[in-house]
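Inspection log for the structure reproduced underneath, given as structure tokens.
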Amino acid sequence: MQTRSILVVDDDESMLEYCAGIMAIEGFRVQAVSNAKDAVSVIRSTPFDIVLTDHVVVQPGNQSMTQAVKLLRPDTEVIVMTALPTLENAVNSFVEGACDYLVKPFKLEQLRSAVGRGLEKRRAREALVFGQEGM
């Protein structure tokens with residue numbers, strides 16, 4: 001079984017280190033970056049199963065990280081984190097393709113659950129795609 005991969009994007013160094021450390025302990029291949037420019041560069045060159053990104057991290061032209069990820073890697077699941085939750089931001093995150101939305105500070109179990117749901121969604125899509133190829 002291949003090791004699942006996760007990219008963590010957050011301009012808050014302590015949150016970046018916390019999330020990356022937890023995901024490494026959970027057995028993920030982890031890469032962490034602190035800005036959108038580096039994140040897009042990494043996503044272009046490396047596929048990830050999940051991108052865990054701060055909501056505030058935005059691309060030039062007001063493109064969100066979720067939109068950038070889905071444009072470059074449509075099969076990658078995106079989990080949005082935010083310290084400034086609003087209903088509008090949550091709805092927009094899901095409309096843009098996020099699979100989950102975490103409000104900071106979140107509990108370790110909330111992070112694990114969100115990542116687990118993201119992986120389950122990805123596995124289901126992979127099973128569907130690979131199952132149809134044999135038809």
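By convention here, the chains of the structure tokens are called A, B, ... in the order presented, each chain's residues are numbered starting at 1, and ligands are numbered starting at 1 in the order presented.
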
I'd like the contact shell of stretch 101-117 of chain A - 8 Å cut-off, only C-alpha atoms, skipping same-chain residues fewer than 5 positions apart - returned as a list in words. Ile50, Ile79, Val80, Met81, Thr82, Ala83, Leu84, Pro85, Ala90 and Ser93 of chain A

Write down as a list in words the residues belonging to chain A that are assigned strand (DSSP E) by DSSP computed on the backbone.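 Of chain A, only Ser5, Ile6, Leu7, Val8, Val9, Arg29, Val30, Gln31, Ala32, Val33, Ile50, Val51, Leu52, Thr53, Asp54, Glu77, Val78, Ile79, Val80, Met81, Thr82, Asp100, Tyr101, Leu102 and Val103 of chain A fall in strand (DSSP E).
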
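With distances taken over only C-alpha atoms, A:Ala24 is the one residue among A:Ala24, A:Val56, A:Ala68, A:Ala124 lying closest to A:Ile6.
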
Top pick for closest residue to A:Val8, considering A:Gly21, A:Gly61, A:Pro74, A:Gly118 and counting only C-alpha atoms: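 Distance minimum relative to A:Val8 lands on A:Gly21.
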
Can you tell me, as a ChimeraX atom specification, what residues are no more than 9 Å from A:Glu96 when counting only C-alpha atoms, ignoring any on the same chain fewer than 5 positions away? /A:64,66-67,70,91

Need to verify the contact set: stretch 38-49 of chain A, 12 Å, only C-alpha atoms, exclusion of same-chain residues closer than 5 positions in sequence. Can you return it as a PyMOL selection string? chain A and resi 2-11+28-33+54+57-60+63-79+115-123+125-126

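For the pair atom CA of A:Glu17 and atom CA of A:Asn35, the separation is 13.7 Å.
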
Mind the document's chain letters and residue numbers, and return as a count of residues only the residues of stretch 26-134 of chain A that DSSP labels alpha helix (DSSP H). 54

State, in Å with one decimal place, the distance from atom CA of A:Ile22 to atom CA of A:Leu52.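 That distance, rounded to one decimal, is 12.1 Å.
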
For atom CA of A:Ile25 and atom CA of A:His55, quote the distance in Å rounded to one decimal.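 Between atom CA of A:Ile25 and atom CA of A:His55 the gap works out to 23.9 Å.
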